[in-house]
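Structure below is target21.csv: CSV, C-alpha atoms and all ligand atoms.
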chain,number,residue,atom,x,y,z
A,1,MET,CA,65.9,127.5,77.0
A,2,THR,CA,67.5,130.0,79.4
A,3,THR,CA,68.9,128.8,82.7
A,4,SER,CA,66.2,130.8,84.5
A,5,GLU,CA,63.5,128.8,82.6
A,6,ARG,CA,65.2,125.5,83.6
A,7,PHE,CA,65.9,126.4,87.2
A,8,SER,CA,64.0,128.5,89.7
A,9,ILE,CA,66.1,130.3,92.3
A,10,ALA,CA,63.2,130.1,94.7
A,11,ASP,CA,63.4,126.3,94.7
A,12,LEU,CA,66.7,126.7,96.5
A,13,PHE,CA,65.2,128.6,99.4
A,14,THR,CA,64.4,127.2,102.8
A,15,GLU,CA,60.7,126.8,103.7
A,16,SER,CA,60.8,130.1,105.8
A,17,ALA,CA,62.6,132.0,103.1
A,18,LYS,CA,60.0,130.8,100.5
A,19,GLU,CA,57.2,132.8,102.1
A,20,ALA,CA,56.4,136.0,100.2
A,21,PRO,CA,58.6,138.8,101.6
A,22,GLN,CA,56.7,140.9,104.1
A,23,PRO,CA,57.3,144.6,104.4
A,24,MET,CA,60.3,145.4,106.5
A,25,PHE,CA,59.2,146.5,109.9
A,26,GLY,CA,61.4,147.9,112.7
A,27,ALA,CA,63.5,150.8,113.8
A,28,ALA,CA,66.5,149.6,111.8
A,29,GLN,CA,64.5,149.8,108.6
A,30,GLN,CA,62.8,153.1,109.2
A,31,GLY,CA,65.2,155.5,107.4
A,32,HIS,CA,63.5,158.7,106.5
A,33,VAL,CA,59.7,158.9,106.6
A,34,PRO,CA,57.9,162.0,105.6
A,35,LEU,CA,55.4,161.8,108.4
A,36,ILE,CA,55.7,162.0,112.2
A,37,SER,CA,56.3,158.4,113.1
A,38,LEU,CA,55.7,157.3,116.6
A,39,ALA,CA,56.1,153.7,115.5
A,40,PHE,CA,59.6,152.8,116.4
A,41,GLY,CA,61.9,152.8,119.4
A,42,LEU,CA,64.7,154.9,118.0
A,43,ALA,CA,66.9,156.7,120.5
A,44,ASP,CA,66.8,160.5,120.8
A,45,PRO,CA,69.8,161.9,118.9
A,46,ALA,CA,69.7,165.0,121.1
A,47,LEU,CA,71.7,163.1,123.7
A,48,PHE,CA,74.1,161.0,121.7
A,49,PRO,CA,77.5,161.6,123.5
A,50,ARG,CA,79.2,162.6,120.3
A,51,ALA,CA,82.3,164.3,121.7
A,52,GLU,CA,82.9,161.7,124.3
A,53,LEU,CA,82.6,158.8,121.9
A,54,ALA,CA,84.9,160.7,119.5
A,55,ALA,CA,87.5,161.1,122.3
A,56,ALA,CA,87.2,157.5,123.3
A,57,ALA,CA,87.7,156.4,119.7
A,58,ALA,CA,90.7,158.6,119.3
A,59,ALA,CA,92.2,157.3,122.5
A,60,VAL,CA,91.7,153.6,121.4
A,61,LEU,CA,93.3,154.3,118.1
A,62,ALA,CA,96.2,156.1,119.7
A,63,ASP,CA,96.9,153.4,122.4
A,64,ASP,CA,95.7,150.1,121.0
A,65,ALA,CA,95.2,150.3,117.2
A,66,ALA,CA,97.0,147.0,116.5
A,67,ALA,CA,94.4,145.0,118.5
A,68,ALA,CA,91.5,147.3,117.9
A,69,LEU,CA,91.7,147.2,114.1
A,70,ASN,CA,92.6,143.6,113.5
A,71,TYR,CA,90.4,140.5,113.7
A,72,GLY,CA,90.1,139.5,117.3
A,73,PRO,CA,87.8,138.7,120.2
A,74,THR,CA,85.4,141.0,121.9
A,75,TYR,CA,87.5,143.3,124.1
A,76,PRO,CA,87.8,141.5,127.5
A,77,GLY,CA,87.7,144.8,129.3
A,78,LEU,CA,84.1,145.4,128.1
A,79,ILE,CA,83.1,141.9,129.3
A,80,GLU,CA,84.7,142.7,132.7
A,81,GLN,CA,82.6,145.9,132.9
A,82,ILE,CA,79.4,143.9,132.1
A,83,VAL,CA,80.4,141.3,134.7
A,84,THR,CA,81.0,144.1,137.3
A,85,ARG,CA,77.6,145.7,136.7
A,86,LEU,CA,75.9,142.3,136.9
A,87,ARG,CA,77.5,141.6,140.3
A,88,GLN,CA,76.4,145.0,141.5
A,89,GLU,CA,72.9,143.8,140.6
A,90,GLY,CA,73.3,140.6,142.6
A,91,VAL,CA,74.1,138.2,139.7
A,92,GLU,CA,77.1,136.0,140.3
A,93,ALA,CA,78.6,136.5,136.9
A,94,GLU,CA,82.0,135.5,135.5
A,95,PRO,CA,83.3,136.3,132.0
A,96,GLU,CA,82.4,132.7,130.8
A,97,ASN,CA,78.8,133.6,131.4
A,98,ILE,CA,78.9,136.4,128.9
A,99,ILE,CA,78.6,136.7,125.1
A,100,ALA,CA,78.5,140.0,123.2
A,101,GLY,CA,76.5,140.3,120.0
A,102,TYR,CA,75.8,142.8,117.2
A,103,GLY,CA,72.9,144.2,119.2
A,104,SER,CA,70.8,141.9,121.4
A,105,SER,CA,68.9,141.2,118.2
A,106,GLN,CA,71.8,139.1,117.0
A,107,ILE,CA,71.7,137.0,120.2
A,108,LEU,CA,67.9,136.7,120.0
A,109,GLY,CA,68.4,135.5,116.4
A,110,LEU,CA,70.9,132.9,117.4
A,111,LEU,CA,68.7,131.5,120.2
A,112,PRO,CA,66.5,129.4,117.9
A,113,GLN,CA,69.6,127.8,116.4
A,114,VAL,CA,70.6,126.6,119.9
A,115,PHE,CA,67.2,125.6,121.1
A,116,VAL,CA,64.5,125.2,118.4
A,117,GLU,CA,63.8,122.4,116.0
A,118,PRO,CA,60.7,123.2,113.9
A,119,GLY,CA,57.6,122.6,116.0
A,120,ASP,CA,59.3,122.9,119.4
A,121,VAL,CA,57.3,124.9,121.9
A,122,VAL,CA,58.5,128.4,122.9
A,123,LEU,CA,56.4,130.4,125.3
A,124,ILE,CA,56.1,134.1,124.5
A,125,GLU,CA,54.2,137.0,126.1
A,126,GLY,CA,51.3,138.5,124.2
A,127,PRO,CA,52.1,141.2,123.3
A,128,SER,CA,55.9,141.0,122.9
A,129,PHE,CA,58.8,142.6,121.0
A,130,MET,CA,58.0,142.1,117.4
A,131,GLY,CA,61.6,141.5,116.4
A,132,ALA,CA,61.7,138.4,118.7
A,133,VAL,CA,58.2,137.3,117.5
A,134,ARG,CA,59.5,137.3,114.0
A,135,ARG,CA,62.8,135.6,114.7
A,136,PHE,CA,61.1,132.7,116.6
A,137,GLN,CA,58.4,132.4,113.9
A,138,ASP,CA,61.1,132.2,111.2
A,139,ALA,CA,62.6,129.3,113.1
A,140,ARG,CA,59.2,127.5,112.9
A,141,ALA,CA,58.9,127.4,116.7
A,142,ASN,CA,55.4,126.5,118.0
A,143,LEU,CA,54.9,129.9,119.7
A,144,VAL,CA,52.4,129.7,122.5
A,145,THR,CA,51.2,133.0,123.9
A,146,ILE,CA,50.9,133.8,127.6
A,147,PRO,CA,48.9,136.9,128.3
A,148,VAL,CA,50.3,140.1,129.7
A,149,ASP,CA,48.3,142.4,132.0
A,150,GLU,CA,49.2,145.6,133.9
A,151,HIS,CA,51.7,143.6,136.0
A,152,GLY,CA,53.4,141.8,133.1
A,153,MET,CA,53.2,138.2,132.2
A,154,ASN,CA,50.3,136.4,133.9
A,155,VAL,CA,52.4,133.8,135.7
A,156,ASP,CA,49.3,131.8,136.8
A,157,ALA,CA,48.4,131.3,133.1
A,158,LEU,CA,52.0,130.4,132.5
A,159,GLU,CA,51.9,127.8,135.3
A,160,GLU,CA,48.7,126.2,133.8
A,161,THR,CA,50.3,126.1,130.4
A,162,LEU,CA,53.5,124.5,131.7
A,163,ARG,CA,51.4,121.9,133.7
A,164,ASN,CA,49.3,121.0,130.6
A,165,PHE,CA,52.4,120.6,128.5
A,166,ALA,CA,54.1,118.5,131.1
A,167,ALA,CA,50.9,116.2,131.2
A,168,GLN,CA,51.4,115.7,127.5
A,169,GLY,CA,55.1,115.0,128.0
A,170,VAL,CA,56.1,118.2,126.2
A,171,ARG,CA,59.0,120.3,127.6
A,172,PRO,CA,58.9,123.9,126.2
A,173,LYS,CA,62.4,125.1,125.1
A,174,PHE,CA,62.3,128.6,126.6
A,175,ILE,CA,60.0,131.4,128.0
A,176,TYR,CA,60.8,134.8,126.4
A,177,THR,CA,59.9,137.6,128.7
A,178,ILE,CA,60.5,141.4,129.1
A,179,PRO,CA,59.8,141.9,132.8
A,180,THR,CA,60.8,145.6,133.1
A,181,PHE,CA,59.3,148.4,131.0
A,182,HIS,CA,58.0,145.9,128.6
A,183,ASN,CA,58.1,146.4,124.9
A,184,PRO,CA,55.4,147.1,123.8
A,185,SER,CA,53.1,147.4,126.8
A,186,GLY,CA,55.4,149.5,129.1
A,187,VAL,CA,54.4,147.5,132.2
A,188,THR,CA,56.7,146.1,134.9
A,189,MET,CA,56.4,142.8,136.7
A,190,PRO,CA,56.3,143.0,140.5
A,191,LEU,CA,58.5,141.0,142.7
A,192,GLU,CA,56.1,138.2,143.6
A,193,ARG,CA,55.5,137.4,139.9
A,194,ARG,CA,59.3,137.5,139.2
A,195,GLN,CA,59.9,135.0,142.0
A,196,LYS,CA,57.1,132.7,140.8
A,197,LEU,CA,58.3,132.9,137.2
A,198,VAL,CA,61.9,132.0,138.2
A,199,ALA,CA,60.6,129.1,140.4
A,200,LEU,CA,58.5,127.8,137.5
A,201,GLY,CA,61.5,127.8,135.1
A,202,ALA,CA,63.4,125.6,137.6
A,203,GLU,CA,60.4,123.4,138.4
A,204,TYR,CA,59.7,122.6,134.8
A,205,GLY,CA,63.3,122.7,133.5
A,206,VAL,CA,62.6,125.5,131.0
A,207,VAL,CA,65.1,128.3,130.2
A,208,ILE,CA,63.8,131.8,131.0
A,209,VAL,CA,65.1,134.4,128.5
A,210,GLU,CA,64.9,137.8,130.3
A,211,ASP,CA,65.2,140.6,127.8
A,212,ASP,CA,66.1,143.7,129.8
A,213,ALA,CA,66.6,146.3,127.0
A,214,TYR,CA,65.0,149.1,128.9
A,215,GLY,CA,65.6,148.2,132.6
A,216,ASP,CA,68.1,151.1,133.2
A,217,LEU,CA,65.7,153.7,132.0
A,218,ARG,CA,63.6,154.0,135.2
A,219,PHE,CA,61.7,157.3,135.6
A,220,GLU,CA,60.2,156.6,139.0
A,221,GLY,CA,59.7,153.9,141.6
A,222,ASP,CA,62.2,151.6,143.2
A,223,PRO,CA,64.3,149.2,141.0
A,224,LEU,CA,63.3,145.6,141.2
A,225,PRO,CA,65.7,142.6,141.2
A,226,ASN,CA,66.2,141.2,137.7
A,227,LEU,CA,65.2,137.6,137.1
A,228,ALA,CA,68.8,136.5,136.8
A,229,ALA,CA,69.5,137.9,140.3
A,230,LEU,CA,66.6,135.8,141.7
A,231,ASP,CA,67.8,132.6,140.1
A,232,SER,CA,70.0,130.3,142.1
A,233,GLU,CA,69.6,127.3,139.7
A,234,GLY,CA,70.9,128.6,136.4
A,235,TRP,CA,67.7,128.6,134.3
A,236,VAL,CA,67.6,132.4,133.6
A,237,MET,CA,69.4,133.9,130.6
A,238,ARG,CA,69.6,137.7,130.6
A,239,VAL,CA,69.8,139.6,127.4
A,240,SER,CA,70.6,143.3,127.3
A,241,THR,CA,72.0,146.0,125.0
A,242,TYR,CA,73.8,149.3,124.8
A,243,SER,CA,71.2,150.5,122.2
A,244,LYS,CA,68.9,152.2,124.6
A,245,THR,CA,71.4,153.6,127.0
A,246,LEU,CA,74.3,154.6,124.7
A,247,ALA,CA,73.4,154.5,121.0
A,248,PRO,CA,71.8,151.9,118.8
A,249,GLY,CA,74.4,152.6,116.1
A,250,VAL,CA,77.1,150.9,118.2
A,251,ARG,CA,75.2,147.6,117.6
A,252,THR,CA,76.4,146.0,120.8
A,253,GLY,CA,74.3,143.9,123.0
A,254,TRP,CA,75.2,141.0,125.3
A,255,ALA,CA,73.8,138.0,127.1
A,256,TYR,CA,74.5,136.4,130.5
A,257,ALA,CA,73.7,132.7,130.7
A,258,ASN,CA,74.9,129.3,131.9
A,259,PRO,CA,78.3,128.7,130.2
A,260,GLU,CA,76.9,125.7,128.3
A,261,ILE,CA,74.4,128.0,126.6
A,262,ILE,CA,77.1,130.7,125.9
A,263,ALA,CA,79.3,128.1,124.3
A,264,ARG,CA,76.5,127.0,121.9
A,265,LEU,CA,75.6,130.7,121.1
A,266,GLN,CA,79.3,131.3,120.3
A,267,LYS,CA,79.4,128.2,118.1
A,268,PHE,CA,76.7,129.8,115.8
A,269,LYS,CA,78.2,133.3,116.0
A,270,ILE,CA,80.5,132.4,113.1
A,271,GLU,CA,82.2,135.8,112.8
A,272,GLY,CA,83.7,135.2,116.3
A,273,GLY,CA,83.8,138.1,118.7
A,274,ASN,CA,82.2,141.5,118.4
A,275,SER,CA,84.1,144.4,116.8
A,276,PRO,CA,87.4,144.7,118.6
A,277,PHE,CA,87.3,148.4,117.8
A,278,LEU,CA,83.8,149.3,119.0
A,279,THR,CA,83.9,147.1,122.1
A,280,ARG,CA,87.1,149.0,123.1
A,281,VAL,CA,85.5,152.4,122.4
A,282,ILE,CA,82.5,151.5,124.5
A,283,ALA,CA,84.7,150.2,127.3
A,284,ARG,CA,86.9,153.4,127.2
A,285,TYR,CA,83.8,155.6,127.1
A,286,SER,CA,82.3,153.8,130.1
A,287,ALA,CA,85.4,153.4,132.2
A,288,ASP,CA,85.0,156.3,134.6
A,289,GLY,CA,81.3,156.5,135.5
A,290,ARG,CA,80.3,158.5,132.4
A,291,TYR,CA,78.0,155.8,131.2
A,292,GLU,CA,76.0,155.9,134.5
A,293,ARG,CA,75.9,159.7,134.4
A,294,HIS,CA,74.7,159.6,130.8
A,295,ILE,CA,71.9,157.2,131.8
A,296,GLU,CA,70.8,159.7,134.4
A,297,GLU,CA,70.5,162.4,131.7
A,298,LEU,CA,68.6,160.0,129.4
A,299,VAL,CA,66.1,159.2,132.2
A,300,LYS,CA,65.4,162.9,132.7
A,301,LEU,CA,64.8,163.5,129.0
A,302,TYR,CA,62.7,160.4,128.3
A,303,ARG,CA,60.6,161.0,131.5
A,304,SER,CA,59.7,164.5,130.3
A,305,LYS,CA,58.9,163.2,126.8
A,306,ARG,CA,56.6,160.5,128.3
A,307,ASP,CA,54.8,163.2,130.3
A,308,ARG,CA,54.4,165.4,127.2
A,309,MET,CA,53.0,162.5,125.3
A,310,VAL,CA,50.6,161.4,128.0
A,311,ALA,CA,49.3,165.0,128.5
A,312,ALA,CA,48.8,165.3,124.7
A,313,ILE,CA,46.9,162.0,124.7
A,314,GLU,CA,44.6,163.2,127.5
A,315,ARG,CA,43.9,166.4,125.5
A,316,GLU,CA,43.5,165.0,122.0
A,317,PHE,CA,42.1,161.4,122.2
A,318,PRO,CA,38.4,160.7,122.5
A,319,ALA,CA,37.2,159.1,125.7
A,320,GLY,CA,37.1,155.3,125.8
A,321,TYR,CA,40.9,154.4,125.5
A,322,THR,CA,42.9,152.9,128.3
A,323,LEU,CA,46.6,153.0,129.1
A,324,VAL,CA,48.9,152.0,131.9
A,325,LEU,CA,51.5,154.8,132.7
A,326,PRO,CA,54.9,153.2,132.1
A,327,GLU,CA,57.5,153.8,134.8
A,328,GLY,CA,60.3,153.7,132.3
A,329,GLY,CA,61.3,152.7,128.8
A,330,PHE,CA,60.3,154.1,125.4
A,331,PHE,CA,56.6,153.2,124.9
A,332,ILE,CA,53.0,153.9,125.6
A,333,TRP,CA,50.6,151.1,124.9
A,334,LEU,CA,47.0,152.0,124.4
A,335,THR,CA,43.8,150.0,124.1
A,336,LEU,CA,41.6,151.8,121.6
A,337,PRO,CA,38.0,152.9,122.2
A,338,GLU,CA,35.4,150.3,121.3
A,339,GLY,CA,34.9,150.2,117.5
A,340,VAL,CA,38.3,151.6,116.5
A,341,SER,CA,40.6,149.2,114.6
A,342,ALA,CA,44.3,149.8,114.8
A,343,THR,CA,44.9,149.0,111.2
A,344,ALA,CA,42.1,151.3,110.0
A,345,LEU,CA,43.3,154.0,112.4
A,346,LEU,CA,46.8,153.7,111.0
A,347,GLU,CA,45.7,154.2,107.4
A,348,HIS,CA,43.6,157.2,108.4
A,349,SER,CA,46.4,158.7,110.6
A,350,LYS,CA,48.9,158.4,107.8
A,351,THR,CA,46.7,160.6,105.6
A,352,LYS,CA,47.0,163.2,108.3
A,353,GLY,CA,50.8,162.7,108.6
A,354,ALA,CA,51.3,160.5,111.6
A,355,ALA,CA,52.0,156.9,112.3
A,356,PHE,CA,52.3,154.4,115.1
A,357,LEU,CA,52.7,150.6,115.5
A,358,PRO,CA,49.5,148.6,115.3
A,359,GLY,CA,49.2,146.0,118.1
A,360,THR,CA,48.9,143.2,115.6
A,361,HIS,CA,52.6,143.3,114.9
A,362,CYS,CA,53.3,142.5,118.6
A,363,TYR,CA,51.5,139.2,118.9
A,364,ALA,CA,52.3,135.7,117.6
A,365,ASN,CA,48.6,134.8,117.5
A,366,GLY,CA,47.1,137.5,115.3
A,367,GLN,CA,45.6,139.4,118.3
A,368,GLY,CA,46.0,143.2,118.8
A,369,ASP,CA,43.9,145.1,116.4
A,370,ASN,CA,42.4,147.0,119.3
A,371,GLU,CA,45.8,148.1,120.6
A,372,ILE,CA,48.5,150.5,119.4
A,373,ARG,CA,52.1,151.3,120.5
A,374,LEU,CA,53.2,154.9,120.6
A,375,SER,CA,56.9,155.6,121.0
A,376,PHE,CA,57.9,158.8,122.8
A,377,SER,CA,61.7,158.2,122.5
A,378,PHE,CA,62.6,159.6,119.1
A,379,GLN,CA,60.6,162.6,118.1
A,380,PRO,CA,61.2,166.0,119.7
A,381,ALA,CA,58.6,166.9,122.2
A,382,ASP,CA,56.7,169.3,119.9
A,383,GLN,CA,56.5,166.7,117.2
A,384,LEU,CA,55.2,164.2,119.7
A,385,GLU,CA,52.3,166.6,120.5
A,386,THR,CA,51.6,167.2,116.8
A,387,GLY,CA,51.7,163.5,116.1
A,388,ILE,CA,49.3,162.7,118.9
A,389,ALA,CA,47.0,165.5,117.8
A,390,ARG,CA,46.9,164.0,114.3
A,391,ILE,CA,46.2,160.5,115.5
A,392,GLY,CA,43.5,161.9,117.9
A,393,ALA,CA,41.8,163.7,115.0
A,394,ALA,CA,41.8,160.5,113.0
A,395,MET,CA,40.2,158.7,115.9
A,396,HIS,CA,37.5,161.3,116.3
A,397,GLU,CA,36.7,161.1,112.6
A,398,ILE,CA,36.5,157.3,112.7
A,399,LEU,CA,34.1,157.4,115.7
A,400,ALA,CA,31.9,160.2,114.3
B,501,LIG,C1,62.8,144.3,124.0
B,501,LIG,C2,63.9,144.5,123.0
B,501,LIG,N1,64.8,143.6,122.9
B,501,LIG,C3,65.8,143.8,122.0
B,501,LIG,C4,65.9,144.8,121.1
B,501,LIG,C5,67.0,144.9,120.1
B,501,LIG,O1,67.9,145.8,120.4
B,501,LIG,P1,69.4,145.8,119.7
B,501,LIG,O2,69.4,144.8,118.7
B,501,LIG,O3,69.5,147.2,119.2
B,501,LIG,O4,70.2,145.5,120.9
B,501,LIG,C6,64.9,145.8,121.2
B,501,LIG,C7,64.9,147.0,120.3
B,501,LIG,O5,64.0,147.6,120.0
B,501,LIG,C8,63.9,145.7,122.2
B,501,LIG,O6,62.9,146.5,122.3

The structure given in the file should be rewritten as structure tokens.
Ligand SMILES: Cc1ncc(COP(=O)(O)O)c(C=O)c1O
Amino acid sequence: MTTSERFSIADLFTESAKEAPQPMFGAAQQGHVPLISLAFGLADPALFPRAELAAAAAAVLADDAAAALNYGPTYPGLIEQIVTRLRQEGVEAEPENIIAGYGSSQILGLLPQVFVEPGDVVLIEGPSFMGAVRRFQDARANLVTIPVDEHGMNVDALEETLRNFAAQGVRPKFIYTIPTFHNPSGVTMPLERRQKLVALGAEYGVVIVEDDAYGDLRFEGDPLPNLAALDSEGWVMRVSTYSKTLAPGVRTGWAYANPEIIARLQKFKIEGGNSPFLTRVIARYSADGRYERHIEELVKLYRSKRDRMVAAIEREFPAGYTLVLPEGGFFIWLTLPEGVSATALLEHSKTKGAAFLPGTHCYANGQGDNEIRLSFSFQPADQLETGIARIGAAMHEILA
């Protein structure tokens, strides 16, 4: 008898790892695809600040190699820059409120270790960022969906849910929300809803996790205060990233939160700080206002790509769809015409050489087969138009 006949490796796995592996989904796994994919929120390489990052890396290696290349903490100078930006936004931050992670994904992945025992209630928007949905599902949270409309999370529905749970003696662990340029729906929550959401967190003693991955990429309209700036009681945790405003490849995100939460996150981030080298490079690059100027360039580029995509949709798609024009971010979220299924449309679109993200990936409750997410961030503008034309043709054929 061989050892593999006596012992099964799978018996060693945790309950969540035992589930059949699902196809990898997400920008990080995309690699090369032979079709025009509008599925993922990759950054546009046209504006990567290659020369400036190379200069910043060379300067760090010239001046500070001993610290940059050894084990060590996240560069305190980068934490200071994050604190300064937060204060400019009205958040009373100190370095002890901040943790850096390998992308905000790492921090979202650590959250359940801090807060979630299997079965604990976590409130999540429907739709939401599929990476977060997956992480919280893997932790066996009891994910309860709060609907999103054209003004973001429906905070009246949230209030009713919180009230019902309180009546049963249940205190949800956290509320995960993307209030600005929501992924995937693109919508932004107005001030009154933000205020009510923050007040509800304090009233029910539930942490609000504000994911602000896209907040700096505003194409039009006045900036709104972030949830952390509206919070005087310490229930809001704010998660953000350099992925959308500098480059996803630097894999650097951060969170602001009550120091008690930061200490627990740090406890589970067993490798310690974030790359002493890369955090110095980012800080050096950002030191003299270049980061802010770069964001202005990104806004111009992504705004024009959004406009090209919307114009192509108006030209190519059959009547009967609806969309809310996003004021920033990477995505257009579209409700399909009656009778068109997102999964069927994806299969048909692929045969024509185009892909998108079906809405079903963005819900914790199986909803979303009448919705799709189209990303305008990555493909060059002419490819965006070709991709939309192919998806539009597939839609026309399904309806015919
Ligand atoms: C809403 C949201 N949060 C977090 C992330 C993760 O970004 P990263 O891990 O690159 O910081 C993404 C990336 O797509 C996102 O859309």

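The spacing separating CA of Ala100 in chain A from atom C6 of ligand LIG 501 (chain B) amounts to 14.9 Å.
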
With the cut-off set at 12 Å and counting all atoms listed in the file, tabulate each residue of range 143-240 of chain A with an atom at most that distance from an atom of range 41-48 of chain A, showing the nearest atom pair and its distance in Å to one decimal, ordered by chain and increasing number, as a Markdown table.
| residue | atom | partner | partner_atom | distance |
| --- | --- | --- | --- | --- |
| A:Asn183 | CA | A:Gly41 | CA | 9.3 |
| A:Pro184 | CA | A:Gly41 | CA | 9.7 |
| A:Ala213 | CA | A:Gly41 | CA | 11.0 |
| A:Tyr214 | CA | A:Gly41 | CA | 10.7 |
| A:Leu217 | CA | A:Ala43 | CA | 11.9 |

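Using all atoms listed in the file, the smallest distance between any of A:Gly131, A:Gly234, A:Gly329, A:Pro225 and Val299 in chain A comes from A:Gly329.
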
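CA of Tyr291 in chain A is found 21.6 Å from CA of Ser105 in chain A.
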
All residues within 9 Å of ligand LIG 501 (chain B) are required, counting all atoms listed in the file; please report them as a PDB file with C-alpha atoms, keeping the file's coordinate frame.
ATOM      1  CA  GLY A  26      61.400 147.900 112.700  1.00  0.00           C
ATOM      2  CA  ALA A  27      63.500 150.800 113.800  1.00  0.00           C
ATOM      3  CA  ALA A  28      66.500 149.600 111.800  1.00  0.00           C
ATOM      4  CA  PHE A  40      59.600 152.800 116.400  1.00  0.00           C
ATOM      5  CA  GLY A  41      61.900 152.800 119.400  1.00  0.00           C
ATOM      6  CA  LEU A  42      64.700 154.900 118.000  1.00  0.00           C
ATOM      7  CA  GLY A 101      76.500 140.300 120.000  1.00  0.00           C
ATOM      8  CA  TYR A 102      75.800 142.800 117.200  1.00  0.00           C
ATOM      9  CA  GLY A 103      72.900 144.200 119.200  1.00  0.00           C
ATOM     10  CA  SER A 104      70.800 141.900 121.400  1.00  0.00           C
ATOM     11  CA  SER A 105      68.900 141.200 118.200  1.00  0.00           C
ATOM     12  CA  GLN A 106      71.800 139.100 117.000  1.00  0.00           C
ATOM     13  CA  ILE A 107      71.700 137.000 120.200  1.00  0.00           C
ATOM     14  CA  LEU A 108      67.900 136.700 120.000  1.00  0.00           C
ATOM     15  CA  SER A 128      55.900 141.000 122.900  1.00  0.00           C
ATOM     16  CA  PHE A 129      58.800 142.600 121.000  1.00  0.00           C
ATOM     17  CA  MET A 130      58.000 142.100 117.400  1.00  0.00           C
ATOM     18  CA  GLY A 131      61.600 141.500 116.400  1.00  0.00           C
ATOM     19  CA  ALA A 132      61.700 138.400 118.700  1.00  0.00           C
ATOM     20  CA  THR A 177      59.900 137.600 128.700  1.00  0.00           C
ATOM     21  CA  ILE A 178      60.500 141.400 129.100  1.00  0.00           C
ATOM     22  CA  PHE A 181      59.300 148.400 131.000  1.00  0.00           C
ATOM     23  CA  HIS A 182      58.000 145.900 128.600  1.00  0.00           C
ATOM     24  CA  ASN A 183      58.100 146.400 124.900  1.00  0.00           C
ATOM     25  CA  PRO A 184      55.400 147.100 123.800  1.00  0.00           C
ATOM     26  CA  ASP A 211      65.200 140.600 127.800  1.00  0.00           C
ATOM     27  CA  ASP A 212      66.100 143.700 129.800  1.00  0.00           C
ATOM     28  CA  ALA A 213      66.600 146.300 127.000  1.00  0.00           C
ATOM     29  CA  TYR A 214      65.000 149.100 128.900  1.00  0.00           C
ATOM     30  CA  VAL A 239      69.800 139.600 127.400  1.00  0.00           C
ATOM     31  CA  SER A 240      70.600 143.300 127.300  1.00  0.00           C
ATOM     32  CA  THR A 241      72.000 146.000 125.000  1.00  0.00           C
ATOM     33  CA  TYR A 242      73.800 149.300 124.800  1.00  0.00           C
ATOM     34  CA  SER A 243      71.200 150.500 122.200  1.00  0.00           C
ATOM     35  CA  LYS A 244      68.900 152.200 124.600  1.00  0.00           C
ATOM     36  CA  ALA A 247      73.400 154.500 121.000  1.00  0.00           C
ATOM     37  CA  PRO A 248      71.800 151.900 118.800  1.00  0.00           C
ATOM     38  CA  GLY A 249      74.400 152.600 116.100  1.00  0.00           C
ATOM     39  CA  VAL A 250      77.100 150.900 118.200  1.00  0.00           C
ATOM     40  CA  ARG A 251      75.200 147.600 117.600  1.00  0.00           C
ATOM     41  CA  THR A 252      76.400 146.000 120.800  1.00  0.00           C
ATOM     42  CA  GLY A 253      74.300 143.900 123.000  1.00  0.00           C
ATOM     43  CA  TRP A 254      75.200 141.000 125.300  1.00  0.00           C
ATOM     44  CA  PHE A 330      60.300 154.100 125.400  1.00  0.00           C
TER      45      PHE A 330
END

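Summary of the local environment: counting all atoms listed in the file, residues at most 9 Å from Asn258 in chain A, other than itself and those fewer than 2 positions away along its chain, are A:Glu96, A:Asn97, A:Ile98, A:Gly234, A:Trp235, A:Val236, A:Met237, A:Tyr256, A:Glu260, A:Ile261, A:Ile262, A:Ala263.
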
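Considering the residues A:Cys362, A:Ile175, A:Val170, A:Leu334 and counting only C-alpha atoms, Met153 in chain A has its shortest atom-to-atom contact with A:Ile175.
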
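Among the candidate residues A:Asn154, A:Asn274, A:Gln81, A:Thr145, the one lying nearest to Val133 in chain A is A:Thr145, with distances computed using all atoms listed in the file.
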
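Taking only C-alpha atoms into account, Tyr71 in chain A lies nearest to A:Ser275 out of the set A:Ser275, A:Ser185, A:Gln379, A:Thr360.
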